[in-house]
>>> print(open('entry_0.cif').read())   # mmCIF, C-alpha atoms and all ligand atoms
data_structure
#
loop_
_atom_site.label_atom_id
_atom_site.label_comp_id
_atom_site.auth_asym_id
_atom_site.auth_seq_id
_atom_site.Cartn_x
_atom_site.Cartn_y
_atom_site.Cartn_z
CA MET A 1 0.00 0.00 0.00
CA LYS A 2 1.05 3.56 -0.58
CA SER A 3 1.03 5.94 2.28
CA GLY A 4 2.39 9.37 3.00
CA THR A 5 1.94 12.98 3.88
CA VAL A 6 1.21 15.82 1.49
CA ALA A 7 1.40 19.48 2.50
CA LEU A 8 -0.29 22.33 0.67
CA VAL A 9 1.53 25.63 0.66
CA GLY A 10 0.69 28.91 -0.97
CA ARG A 11 -0.15 32.43 -0.06
CA PRO A 12 -3.48 33.27 1.54
CA ASN A 13 -6.66 32.85 -0.45
CA VAL A 14 -5.29 30.69 -3.30
CA GLY A 15 -7.74 27.90 -2.40
CA LYS A 16 -5.69 25.48 -0.30
CA SER A 17 -8.50 24.63 2.10
CA THR A 18 -11.01 24.34 -0.74
CA LEU A 19 -8.70 21.87 -2.50
CA VAL A 20 -8.30 19.73 0.63
CA ASN A 21 -12.07 19.67 1.15
CA THR A 22 -12.59 18.68 -2.48
CA ILE A 23 -10.02 15.89 -2.41
CA VAL A 24 -11.17 14.49 0.92
CA GLY A 25 -14.79 14.82 -0.22
CA GLN A 26 -15.88 16.25 3.08
CA LYS A 27 -15.59 19.65 4.66
CA VAL A 28 -12.60 19.53 6.97
CA ALA A 29 -11.26 23.05 6.65
CA ILE A 30 -13.18 26.28 6.62
CA THR A 31 -12.83 28.57 3.60
CA SER A 32 -13.67 32.17 2.84
CA PRO A 33 -12.88 34.90 0.32
CA LYS A 34 -10.76 36.62 2.96
CA PRO A 35 -7.05 35.93 3.34
CA GLN A 36 -5.72 34.21 6.47
CA THR A 37 -8.82 32.14 7.02
CA THR A 38 -6.89 29.06 8.12
CA ARG A 39 -5.04 29.64 11.40
CA PHE A 40 -3.41 26.29 12.15
CA PRO A 41 -2.45 23.24 10.13
CA ILE A 42 -5.31 20.81 9.59
CA HIS A 43 -4.62 17.15 8.90
CA ALA A 44 -7.18 15.36 6.79
CA TYR A 45 -7.13 11.73 5.71
CA TYR A 46 -7.83 10.44 2.25
CA THR A 47 -8.04 6.71 1.68
CA ASP A 48 -8.79 4.55 -1.33
CA GLU A 49 -7.73 1.13 -2.61
CA ARG A 50 -4.25 2.46 -3.37
CA GLY A 51 -3.48 3.54 0.18
CA GLU A 52 -3.73 6.48 2.51
CA ILE A 53 -2.70 10.11 2.26
CA VAL A 54 -2.63 12.65 5.06
CA PHE A 55 -3.19 16.09 3.59
CA ILE A 56 -1.90 18.99 5.64
CA ASP A 57 -3.69 22.23 4.93
CA THR A 58 -1.47 25.04 6.13
CA PRO A 59 -2.30 28.64 6.89
CA GLY A 60 -1.25 30.91 4.04
CA ILE A 61 2.22 32.29 4.44
CA PHE A 62 2.38 36.04 4.39
CA ALA A 63 5.09 38.55 4.05
CA LYS A 64 4.81 40.62 7.17
CA ALA A 65 3.46 39.15 10.35
CA LYS A 66 1.74 42.24 11.69
CA ASP A 67 -0.10 40.83 14.62
CA LEU A 68 0.28 37.97 17.00
CA VAL A 69 -2.16 35.70 15.17
CA ALA A 70 -0.23 36.16 11.93
CA LYS A 71 3.05 35.46 13.71
CA LYS A 72 1.74 32.27 15.27
CA THR A 73 0.21 31.27 11.95
CA ASN A 74 3.54 31.68 10.19
CA ALA A 75 5.35 29.64 12.81
CA ALA A 76 2.74 26.89 12.54
CA THR A 77 3.18 26.80 8.78
CA LEU A 78 6.94 26.58 8.99
CA SER A 79 6.92 23.75 11.47
CA ALA A 80 4.45 21.84 9.28
CA ILE A 81 6.84 22.29 6.39
CA GLU A 82 9.83 21.07 8.32
CA SER A 83 8.19 17.95 9.66
CA ASN A 84 7.91 14.66 7.88
CA ILE A 85 6.32 15.40 4.53
CA ASP A 86 6.65 13.34 1.33
CA VAL A 87 5.18 15.62 -1.32
CA PHE A 88 4.42 19.33 -1.43
CA LEU A 89 1.71 21.03 -3.45
CA TYR A 90 2.60 24.62 -4.26
CA ILE A 91 -0.72 26.28 -5.05
CA VAL A 92 -0.97 29.47 -7.10
CA ASP A 93 -3.96 31.62 -8.02
CA PRO A 94 -3.61 33.04 -11.55
CA THR A 95 -6.61 35.32 -11.02
CA ARG A 96 -4.51 37.42 -8.68
CA LYS A 97 -1.44 39.49 -9.32
CA ARG A 98 1.90 38.10 -8.27
CA GLU A 99 3.07 40.26 -5.45
CA TYR A 100 5.80 40.32 -2.86
CA GLU A 101 3.81 37.76 -0.89
CA GLU A 102 4.26 35.22 -3.65
CA GLY A 103 8.00 35.87 -3.59
CA ARG A 104 8.10 35.00 0.06
CA VAL A 105 6.29 31.71 -0.52
CA LEU A 106 8.55 30.94 -3.48
CA GLY A 107 11.59 31.55 -1.31
CA ILE A 108 10.41 28.79 1.00
CA VAL A 109 9.25 26.47 -1.78
CA ARG A 110 12.60 26.70 -3.56
CA LYS A 111 14.37 25.35 -0.49
CA ILE A 112 12.27 22.20 -0.35
CA LYS A 113 14.22 19.08 -1.28
CA LYS A 114 11.18 16.79 -1.59
CA PRO A 115 9.04 16.58 -4.74
CA VAL A 116 7.01 19.74 -5.31
CA ILE A 117 3.99 19.79 -7.60
CA MET A 118 2.99 23.23 -8.84
CA VAL A 119 -0.80 23.52 -8.95
CA PHE A 120 -2.60 26.29 -10.80
CA ASN A 121 -5.98 26.60 -9.07
CA LYS A 122 -9.18 28.46 -10.08
CA MET A 123 -8.82 27.38 -13.71
CA ASP A 124 -12.63 27.47 -13.98
CA VAL A 125 -12.19 31.25 -14.33
CA GLN A 126 -12.07 32.20 -18.01
CA ASP A 127 -8.67 33.49 -19.11
CA PRO A 128 -7.27 34.24 -15.68
CA GLU A 129 -5.77 37.67 -15.99
CA PHE A 130 -2.43 37.02 -14.35
CA LEU A 131 -1.71 33.56 -15.77
CA PRO A 132 1.41 34.73 -17.69
CA GLN A 133 2.97 35.99 -14.44
CA TYR A 134 2.95 32.44 -13.11
CA GLU A 135 3.52 30.45 -16.30
CA PHE A 136 7.23 31.09 -16.43
CA LEU A 137 7.68 29.60 -12.95
CA LYS A 138 6.70 26.22 -14.40
CA GLU A 139 10.21 25.38 -15.50
CA GLU A 140 11.34 25.33 -11.88
CA PHE A 141 9.01 22.43 -11.08
CA ASP A 142 8.98 18.85 -12.31
CA GLU A 143 5.24 18.59 -12.21
CA VAL A 144 2.52 21.09 -13.07
CA PHE A 145 -1.24 20.65 -12.87
CA TYR A 146 -4.14 22.92 -13.72
CA VAL A 147 -7.20 22.39 -11.54
CA SER A 148 -10.34 23.94 -10.20
CA ALA A 149 -10.81 23.05 -6.56
CA SER A 150 -14.27 24.53 -6.30
CA GLU A 151 -15.54 22.94 -9.55
CA ARG A 152 -13.69 19.69 -8.92
CA LYS A 153 -11.87 19.76 -12.24
CA HIS A 154 -8.72 17.71 -13.00
CA ILE A 155 -8.47 16.56 -9.41
CA LYS A 156 -8.17 12.89 -10.38
CA PRO A 157 -4.96 13.18 -12.43
CA LEU A 158 -3.41 15.21 -9.62
CA LEU A 159 -4.34 12.57 -7.07
CA ASP A 160 -3.03 9.79 -9.36
CA ARG A 161 0.32 11.54 -9.62
CA ILE A 162 0.52 12.10 -5.85
CA PHE A 163 0.00 8.38 -5.27
CA GLU A 164 2.79 7.59 -7.75
CA LEU A 165 5.18 9.81 -5.82
CA LEU A 166 4.36 8.33 -2.43
CA PRO A 167 6.40 5.48 -0.97
CA GLU A 168 5.15 1.96 -0.33
CA ARG A 169 4.57 1.67 3.39
CA GLY A 170 2.54 -0.46 5.68
CA ILE A 171 -0.58 1.23 6.96
CA GLU A 172 -1.50 0.83 10.59
CA PRO A 173 -4.72 -1.16 10.53
CA ARG A 174 -7.56 0.73 12.13
CA GLU A 175 -10.52 -0.91 13.72
CA LYS A 176 -12.93 1.72 12.56
CA PRO A 177 -12.68 4.37 9.90
CA VAL A 178 -11.62 7.66 11.42
CA TYR A 179 -14.54 10.06 11.46
CA PRO A 180 -14.44 12.93 11.10
CA ALA A 181 -11.21 12.22 9.34
CA LEU A 182 -9.17 15.01 10.80
CA ASN A 183 -7.00 16.07 13.68
CA LEU A 184 -9.38 18.50 15.36
CA ASP A 185 -11.50 17.62 18.32
CA GLY A 186 -15.26 18.12 18.00
CA GLY A 187 -15.29 21.41 19.89
CA THR A 188 -12.55 22.94 17.77
CA PHE A 189 -14.29 21.82 14.61
CA LEU A 190 -17.57 23.44 15.70
CA ALA A 191 -15.67 26.61 16.65
CA GLU A 192 -14.11 26.61 13.18
CA LEU A 193 -17.50 26.32 11.49
CA ILE A 194 -18.77 29.29 13.49
CA ARG A 195 -15.60 31.24 12.73
CA GLU A 196 -16.16 30.62 9.03
CA LYS A 197 -19.61 32.25 9.20
CA LEU A 198 -18.09 35.16 11.07
CA PHE A 199 -15.52 35.55 8.29
CA LEU A 200 -18.25 35.43 5.68
CA GLN A 201 -20.60 37.87 7.40
CA THR A 202 -18.32 40.60 8.69
CA ARG A 203 -16.27 43.15 6.86
CA LYS A 204 -12.66 44.07 6.57
CA GLU A 205 -10.68 43.79 9.77
CA ILE A 206 -13.40 42.48 12.06
CA PRO A 207 -12.76 38.76 11.47
CA TYR A 208 -9.12 39.23 12.43
CA THR A 209 -10.06 40.75 15.77
CA ALA A 210 -12.12 37.74 16.68
CA THR A 211 -12.03 34.07 17.48
CA VAL A 212 -14.57 31.48 18.60
CA VAL A 213 -14.59 29.26 21.67
CA VAL A 214 -17.02 26.45 22.37
CA ASP A 215 -17.80 26.17 26.10
CA GLU A 216 -20.30 23.36 26.13
CA ILE A 217 -21.57 20.57 23.91
CA ASP A 218 -24.40 18.60 25.40
CA GLU A 219 -26.67 15.96 23.89
CA ARG A 220 -29.97 16.54 25.59
CA GLU A 221 -32.53 13.85 26.23
CA ASN A 222 -34.96 15.38 23.76
CA GLY A 223 -32.38 14.58 21.04
CA ILE A 224 -31.27 18.17 20.69
CA LEU A 225 -27.58 18.94 20.51
CA TYR A 226 -27.02 21.95 22.75
CA ILE A 227 -23.95 24.03 21.96
CA LYS A 228 -22.79 27.05 23.89
CA ALA A 229 -20.25 29.14 22.06
CA ARG A 230 -18.76 32.59 22.33
CA ILE A 231 -17.21 34.89 19.79
CA LEU A 232 -14.34 36.75 21.45
CA THR A 233 -13.28 40.09 20.12
CA THR A 234 -10.85 42.74 21.30
CA ASP A 235 -13.02 45.86 21.57
CA LEU A 236 -16.51 47.08 22.31
CA ILE A 237 -16.75 48.65 18.87
CA TYR A 238 -16.12 45.27 17.20
CA LYS A 239 -18.51 43.55 19.55
CA LYS A 240 -21.23 45.98 18.48
CA MET A 241 -20.46 45.41 14.82
CA ILE A 242 -20.54 41.64 15.19
CA ILE A 243 -23.89 41.82 16.99
CA GLY A 244 -25.25 44.33 14.48
CA GLN A 245 -28.35 46.51 14.47
CA GLN A 246 -31.12 44.79 16.41
CA ALA A 247 -28.77 41.83 16.75
CA LYS A 248 -29.33 41.03 13.08
CA LYS A 249 -25.73 40.16 12.28
CA ILE A 250 -25.20 37.72 15.13
CA LYS A 251 -28.51 36.07 14.30
CA VAL A 252 -27.43 35.47 10.72
CA ILE A 253 -24.03 34.13 11.83
CA GLY A 254 -25.72 31.86 14.38
CA SER A 255 -28.34 30.54 12.03
CA MET A 256 -25.86 29.84 9.21
CA ALA A 257 -23.61 28.00 11.66
CA ARG A 258 -26.53 26.07 13.16
CA THR A 259 -27.78 24.96 9.75
CA GLU A 260 -24.36 23.69 8.80
CA ILE A 261 -23.81 21.93 12.13
CA GLU A 262 -27.22 20.27 11.74
CA THR A 263 -26.26 19.02 8.29
CA SER A 264 -22.91 17.69 9.40
CA THR A 265 -24.14 16.06 12.63
CA ASN A 266 -27.61 15.09 11.40
CA LYS A 267 -29.08 16.36 14.67
CA HIS A 268 -31.29 19.20 15.77
CA VAL A 269 -29.05 21.87 17.15
CA PHE A 270 -29.63 24.62 19.65
CA LEU A 271 -26.79 27.09 19.32
CA ASP A 272 -26.40 29.57 22.16
CA LEU A 273 -24.03 32.10 20.60
CA THR A 274 -22.89 35.28 22.35
CA VAL A 275 -20.17 37.87 21.85
CA ASP A 276 -17.65 38.75 24.56
CA ILE A 277 -14.76 41.15 24.80
CA ASP A 278 -11.39 39.58 25.54
CA LYS A 279 -8.50 41.87 24.76
CA HIS A 280 -6.00 39.08 25.19
CA TRP A 281 -7.47 36.16 23.26
CA MET A 282 -4.65 36.34 20.72
CA GLU A 283 -2.10 35.61 23.42
CA THR A 284 -3.96 32.70 24.94
CA SER A 285 -5.43 30.96 21.89
CA ARG A 286 -3.49 28.40 19.93
N1 LIG B 301 -13.30 30.40 -8.88
C1 LIG B 301 -12.71 29.64 -7.97
N2 LIG B 301 -12.65 30.05 -6.68
C2 LIG B 301 -12.02 29.24 -5.80
C3 LIG B 301 -11.46 27.98 -6.17
N3 LIG B 301 -10.91 27.42 -5.07
C4 LIG B 301 -11.12 28.30 -4.06
N4 LIG B 301 -11.80 29.39 -4.47
C5 LIG B 301 -12.23 30.54 -3.65
O1 LIG B 301 -11.08 31.22 -3.16
C6 LIG B 301 -11.33 31.74 -1.85
C7 LIG B 301 -10.26 31.28 -0.89
O2 LIG B 301 -10.35 29.89 -0.70
P1 LIG B 301 -9.69 29.17 0.57
O3 LIG B 301 -9.79 27.70 0.31
O4 LIG B 301 -10.28 29.70 1.84
O5 LIG B 301 -8.18 29.66 0.42
P2 LIG B 301 -6.90 29.32 1.34
O6 LIG B 301 -5.74 29.22 0.41
O7 LIG B 301 -7.20 28.15 2.20
O8 LIG B 301 -6.79 30.66 2.18
P3 LIG B 301 -6.09 30.88 3.65
O9 LIG B 301 -6.63 29.86 4.58
O10 LIG B 301 -6.53 32.26 4.00
O11 LIG B 301 -4.61 30.77 3.42
C8 LIG B 301 -12.73 31.26 -1.45
O12 LIG B 301 -13.64 32.32 -1.70
C9 LIG B 301 -12.97 30.09 -2.39
O13 LIG B 301 -14.34 29.89 -2.66
C10 LIG B 301 -11.56 27.58 -7.55
O14 LIG B 301 -11.12 26.50 -7.98
N5 LIG B 301 -12.19 28.46 -8.39
MG MG B 302 -7.26 27.99 4.25
#
>>> encode(input="entry_0.cif", output="structure tokens", more="lines below")
Ligand SMILES: Nc1nc2c(ncn2[C@@H]2O[C@H](COP(=O)(O)OP(=O)(O)OP(=O)(O)O)[C@@H](O)[C@H]2O)c(=O)[nH]1
Ligand SMILES: [Mg+2]
Amino acid sequence: MKSGTVALVGRPNVGKSTLVNTIVGQKVAITSPKPQTTRFPIHAYYTDERGEIVFIDTPGIFAKAKDLVAKKTNAATLSAIESNIDVFLYIVDPTRKREYEEGRVLGIVRKIKKPVIMVFNKMDVQDPEFLPQYEFLKEEFDEVFYVSASERKHIKPLLDRIFELLPERGIEPREKPVYPALNLDGGTFLAELIREKLFLQTRKEIPYTATVVVDEIDERENGILYIKARILTTDLIYKKMIIGQQAKKIKVIGSMARTEIETSTNKHVFLDLTVDIDKHWMETSR
């Protein structure tokens, strides 16, 4: 059997988490149009008759770590890169201009001694404007693939090639399939789903001032899954914006999160979601 570890690297917003979700066929990592959505490496398992792959979705690497979350995110990415990885996927987004940020990622990618596959994502977009800026990088890589993570295009050939590159190894037999097939505990996963809705529903800097903690998960006798969660933010002004006029914003965030949790758990969910101020959450969170 083949088995190994594959890490996705690339600057924020290129579609790394979307690609992992598409390959694994299940939502394991949250995604959003905003950069720096992923904050810590997520390990997701893919298995078929050929063997098993652990995909590591890393936070996007960025040029300047302005705040503490960005600094921690960068460190998490680097340690994921240094650990035991067999194949790297270097993801680029030809719909966006190549900027200094890309140079920083390239600097890291060029130092990698393991096989690196360059992956052009978002190829569902017609004539991506900045394609030529990335095309000439192709000669630096042995393998190049053009895919669309969101439209699930050309994923199979990419996966076939990854399997070819992976070593033959014994796989630890498992009694039961791992589910959900990832390295997060249930509470963290629920917090991530809520954080995704926060990213999608709030503007500009607000998502970066905030995080989500789940305080309680309780299966009640009436079959309802009770979840108590809090959004933590650094200032009263952000708290007000997250709650919104007549609490409209927080209601939308809560109901989107609840709907998704109901779908993924197949249970009725009561989500008790509030917003608190915690000026220091960045220092204490992971
Ligand atoms: N058109 C198109 N959009 C895509 C594709 N893949 C991802 N996106 C969009 O690109 C945005 C960023 O996707 P993510 O998967 O969150 O990107 P990421 O690289 O994980 O970003 P960070 O976690 O911030 O580093 C989202 O709005 C996705 O819907 C694709 O194949 N085509
Ligand atoms: Mg991500």
>>> residues_around(input="entry_0.cif", residues="Asn121 of chain A", least_positions_apart="3", cutoff="6 Å", atoms="only C-alpha atoms", output="mmCIF file with C-alpha atoms, in the frame of the given file")
data_model
loop_
_atom_site.group_PDB
_atom_site.id
_atom_site.type_symbol
_atom_site.label_atom_id
_atom_site.label_comp_id
_atom_site.auth_asym_id
_atom_site.auth_seq_id
_atom_site.Cartn_x
_atom_site.Cartn_y
_atom_site.Cartn_z
ATOM 1 C CA ASP A 93 -3.960 31.620 -8.020
ATOM 2 C CA VAL A 147 -7.200 22.390 -11.540
ATOM 3 C CA SER A 148 -10.340 23.940 -10.200
#
>>> residues_near_ligand(input="entry_0.cif", ligand="ligand MG 302 (chain B)", cutoff="6 Å", atoms="only C-alpha atoms and all ligand atoms", output="PDB file with C-alpha atoms, in the coordinates of the input")
ATOM      1  CA  LYS A  16      -5.690  25.480  -0.300  1.00  0.00           C
ATOM      2  CA  SER A  17      -8.500  24.630   2.100  1.00  0.00           C
ATOM      3  CA  THR A  31     -12.830  28.570   3.600  1.00  0.00           C
ATOM      4  CA  THR A  37      -8.820  32.140   7.020  1.00  0.00           C
ATOM      5  CA  THR A  38      -6.890  29.060   8.120  1.00  0.00           C
ATOM      6  CA  PRO A  59      -2.300  28.640   6.890  1.00  0.00           C
TER       7      PRO A  59
END
>>> atom_distance(input="entry_0.cif", atom1="atom CA of Ser150 of chain A", atom2="atom CA of Leu273 of chain A")
29.6 Å
>>> residues_near_ligand(input="entry_0.cif", ligand="ligand LIG 301 (chain B)", cutoff="10 Å", atoms="all atoms listed in the file", output="ChimeraX atom specification")
/A:8-22,29-41,57-62,73,91-93,95,120-126,128,146-153,196,200
>>> closest_residue(input="entry_0.cif", among="A:Phe136, A:Asp86, A:Glu283, A:Val275", to="Phe163 of chain A", atoms="all atoms listed in the file")
A:Asp86
>>> residues_around(input="entry_0.cif", residues="Arg220 of chain A", least_positions_apart="5", cutoff="12 Å", atoms="all atoms listed in the file", output="ChimeraX atom specification")
/A:225-227,267-270
>>> atom_distance(input="entry_0.cif", atom1="atom CA of Val87 of chain A", atom2="atom CA of Lys114 of chain A")
6.1 Å
>>> decode(input="entry_0.cif", residues="segment 218-255 of chain A", atoms="N, CA and C atoms", output="PDB file, in the first residue's frame")
ATOM      1  N   ASP A 218     -23.619  19.488  24.548  1.00  0.00           N
ATOM      2  CA  ASP A 218     -24.399  18.598  25.401  1.00  0.00           C
ATOM      3  C   ASP A 218     -25.523  17.958  24.586  1.00  0.00           C
ATOM      4  N   GLU A 219     -25.550  16.623  24.566  1.00  0.00           N
ATOM      5  CA  GLU A 219     -26.669  15.962  23.891  1.00  0.00           C
ATOM      6  C   GLU A 219     -27.804  15.809  24.874  1.00  0.00           C
ATOM      7  N   ARG A 220     -28.854  16.554  24.645  1.00  0.00           N
ATOM      8  CA  ARG A 220     -29.967  16.544  25.593  1.00  0.00           C
ATOM      9  C   ARG A 220     -30.871  15.341  25.335  1.00  0.00           C
ATOM     10  N   GLU A 221     -31.669  15.025  26.351  1.00  0.00           N
ATOM     11  CA  GLU A 221     -32.531  13.846  26.226  1.00  0.00           C
ATOM     12  C   GLU A 221     -33.552  13.967  25.109  1.00  0.00           C
ATOM     13  N   ASN A 222     -34.000  15.194  24.852  1.00  0.00           N
ATOM     14  CA  ASN A 222     -34.958  15.378  23.758  1.00  0.00           C
ATOM     15  C   ASN A 222     -34.309  15.253  22.378  1.00  0.00           C
ATOM     16  N   GLY A 223     -33.040  14.817  22.331  1.00  0.00           N
ATOM     17  CA  GLY A 223     -32.380  14.584  21.045  1.00  0.00           C
ATOM     18  C   GLY A 223     -31.720  15.828  20.480  1.00  0.00           C
ATOM     19  N   ILE A 224     -31.858  16.929  21.203  1.00  0.00           N
ATOM     20  CA  ILE A 224     -31.267  18.167  20.690  1.00  0.00           C
ATOM     21  C   ILE A 224     -29.808  18.289  21.125  1.00  0.00           C
ATOM     22  N   LEU A 225     -28.977  18.709  20.187  1.00  0.00           N
ATOM     23  CA  LEU A 225     -27.577  18.942  20.507  1.00  0.00           C
ATOM     24  C   LEU A 225     -27.446  20.401  20.944  1.00  0.00           C
ATOM     25  N   TYR A 226     -27.132  20.591  22.217  1.00  0.00           N
ATOM     26  CA  TYR A 226     -27.017  21.948  22.750  1.00  0.00           C
ATOM     27  C   TYR A 226     -25.552  22.378  22.688  1.00  0.00           C
ATOM     28  N   ILE A 227     -25.326  23.531  22.061  1.00  0.00           N
ATOM     29  CA  ILE A 227     -23.952  24.032  21.956  1.00  0.00           C
ATOM     30  C   ILE A 227     -23.901  25.452  22.485  1.00  0.00           C
ATOM     31  N   LYS A 228     -23.005  25.680  23.420  1.00  0.00           N
ATOM     32  CA  LYS A 228     -22.795  27.048  23.895  1.00  0.00           C
ATOM     33  C   LYS A 228     -21.442  27.527  23.383  1.00  0.00           C
ATOM     34  N   ALA A 229     -21.484  28.630  22.637  1.00  0.00           N
ATOM     35  CA  ALA A 229     -20.248  29.140  22.056  1.00  0.00           C
ATOM     36  C   ALA A 229     -20.181  30.651  22.204  1.00  0.00           C
ATOM     37  N   ARG A 230     -18.957  31.146  22.237  1.00  0.00           N
ATOM     38  CA  ARG A 230     -18.762  32.593  22.329  1.00  0.00           C
ATOM     39  C   ARG A 230     -17.806  33.069  21.255  1.00  0.00           C
ATOM     40  N   ILE A 231     -18.156  34.208  20.667  1.00  0.00           N
ATOM     41  CA  ILE A 231     -17.213  34.893  19.793  1.00  0.00           C
ATOM     42  C   ILE A 231     -16.452  35.870  20.685  1.00  0.00           C
ATOM     43  N   LEU A 232     -15.144  35.799  20.671  1.00  0.00           N
ATOM     44  CA  LEU A 232     -14.345  36.746  21.449  1.00  0.00           C
ATOM     45  C   LEU A 232     -13.763  37.788  20.509  1.00  0.00           C
ATOM     46  N   THR A 233     -13.880  39.040  20.921  1.00  0.00           N
ATOM     47  CA  THR A 233     -13.277  40.095  20.123  1.00  0.00           C
ATOM     48  C   THR A 233     -12.573  41.077  21.055  1.00  0.00           C
ATOM     49  N   THR A 234     -11.746  41.950  20.454  1.00  0.00           N
ATOM     50  CA  THR A 234     -10.846  42.737  21.305  1.00  0.00           C
ATOM     51  C   THR A 234     -11.437  44.054  21.815  1.00  0.00           C
ATOM     52  N   ASP A 235     -12.508  44.541  21.192  1.00  0.00           N
ATOM     53  CA  ASP A 235     -13.017  45.858  21.572  1.00  0.00           C
ATOM     54  C   ASP A 235     -14.535  45.948  21.514  1.00  0.00           C
ATOM     55  N   LEU A 236     -15.063  46.871  22.292  1.00  0.00           N
ATOM     56  CA  LEU A 236     -16.513  47.076  22.305  1.00  0.00           C
ATOM     57  C   LEU A 236     -17.046  47.417  20.917  1.00  0.00           C
ATOM     58  N   ILE A 237     -16.277  48.230  20.194  1.00  0.00           N
ATOM     59  CA  ILE A 237     -16.750  48.648  18.872  1.00  0.00           C
ATOM     60  C   ILE A 237     -16.926  47.438  17.944  1.00  0.00           C
ATOM     61  N   TYR A 238     -15.996  46.477  18.033  1.00  0.00           N
ATOM     62  CA  TYR A 238     -16.118  45.271  17.196  1.00  0.00           C
ATOM     63  C   TYR A 238     -17.268  44.401  17.679  1.00  0.00           C
ATOM     64  N   LYS A 239     -17.404  44.333  18.993  1.00  0.00           N
ATOM     65  CA  LYS A 239     -18.507  43.550  19.551  1.00  0.00           C
ATOM     66  C   LYS A 239     -19.835  44.058  18.988  1.00  0.00           C
ATOM     67  N   LYS A 240     -19.980  45.391  18.999  1.00  0.00           N
ATOM     68  CA  LYS A 240     -21.226  45.980  18.482  1.00  0.00           C
ATOM     69  C   LYS A 240     -21.426  45.648  17.009  1.00  0.00           C
ATOM     70  N   MET A 241     -20.336  45.691  16.258  1.00  0.00           N
ATOM     71  CA  MET A 241     -20.458  45.411  14.820  1.00  0.00           C
ATOM     72  C   MET A 241     -20.806  43.950  14.561  1.00  0.00           C
ATOM     73  N   ILE A 242     -20.250  43.067  15.390  1.00  0.00           N
ATOM     74  CA  ILE A 242     -20.544  41.641  15.192  1.00  0.00           C
ATOM     75  C   ILE A 242     -22.005  41.353  15.566  1.00  0.00           C
ATOM     76  N   ILE A 243     -22.486  42.023  16.597  1.00  0.00           N
ATOM     77  CA  ILE A 243     -23.886  41.822  16.990  1.00  0.00           C
ATOM     78  C   ILE A 243     -24.822  42.458  15.967  1.00  0.00           C
ATOM     79  N   GLY A 244     -24.466  43.662  15.518  1.00  0.00           N
ATOM     80  CA  GLY A 244     -25.248  44.326  14.480  1.00  0.00           C
ATOM     81  C   GLY A 244     -26.494  45.029  15.002  1.00  0.00           C
ATOM     82  N   GLN A 245     -27.111  45.810  14.123  1.00  0.00           N
ATOM     83  CA  GLN A 245     -28.353  46.511  14.468  1.00  0.00           C
ATOM     84  C   GLN A 245     -29.424  45.492  14.832  1.00  0.00           C
ATOM     85  N   GLN A 246     -30.086  45.711  15.920  1.00  0.00           N
ATOM     86  CA  GLN A 246     -31.124  44.793  16.406  1.00  0.00           C
ATOM     87  C   GLN A 246     -30.661  43.328  16.402  1.00  0.00           C
ATOM     88  N   ALA A 247     -29.378  43.166  16.674  1.00  0.00           N
ATOM     89  CA  ALA A 247     -28.774  41.829  16.755  1.00  0.00           C
ATOM     90  C   ALA A 247     -28.938  41.025  15.459  1.00  0.00           C
ATOM     91  N   LYS A 248     -29.089  41.734  14.347  1.00  0.00           N
ATOM     92  CA  LYS A 248     -29.326  41.033  13.079  1.00  0.00           C
ATOM     93  C   LYS A 248     -28.109  40.220  12.633  1.00  0.00           C
ATOM     94  N   LYS A 249     -26.934  40.819  12.778  1.00  0.00           N
ATOM     95  CA  LYS A 249     -25.726  40.159  12.284  1.00  0.00           C
ATOM     96  C   LYS A 249     -25.454  38.840  13.033  1.00  0.00           C
ATOM     97  N   ILE A 250     -25.496  38.922  14.342  1.00  0.00           N
ATOM     98  CA  ILE A 250     -25.197  37.720  15.130  1.00  0.00           C
ATOM     99  C   ILE A 250     -26.247  36.633  14.871  1.00  0.00           C
ATOM    100  N   LYS A 251     -27.477  37.077  14.608  1.00  0.00           N
ATOM    101  CA  LYS A 251     -28.515  36.075  14.300  1.00  0.00           C
ATOM    102  C   LYS A 251     -28.206  35.350  12.997  1.00  0.00           C
ATOM    103  N   VAL A 252     -27.757  36.100  12.004  1.00  0.00           N
ATOM    104  CA  VAL A 252     -27.428  35.470  10.716  1.00  0.00           C
ATOM    105  C   VAL A 252     -26.247  34.508  10.896  1.00  0.00           C
ATOM    106  N   ILE A 253     -25.209  34.986  11.608  1.00  0.00           N
ATOM    107  CA  ILE A 253     -24.029  34.130  11.835  1.00  0.00           C
ATOM    108  C   ILE A 253     -24.468  32.844  12.545  1.00  0.00           C
ATOM    109  N   GLY A 254     -25.259  33.011  13.599  1.00  0.00           N
ATOM    110  CA  GLY A 254     -25.718  31.862  14.381  1.00  0.00           C
ATOM    111  C   GLY A 254     -26.573  30.912  13.561  1.00  0.00           C
ATOM    112  N   SER A 255     -27.456  31.464  12.748  1.00  0.00           N
ATOM    113  CA  SER A 255     -28.337  30.543  12.034  1.00  0.00           C
ATOM    114  C   SER A 255     -27.612  29.835  10.888  1.00  0.00           C
TER     115      SER A 255
END
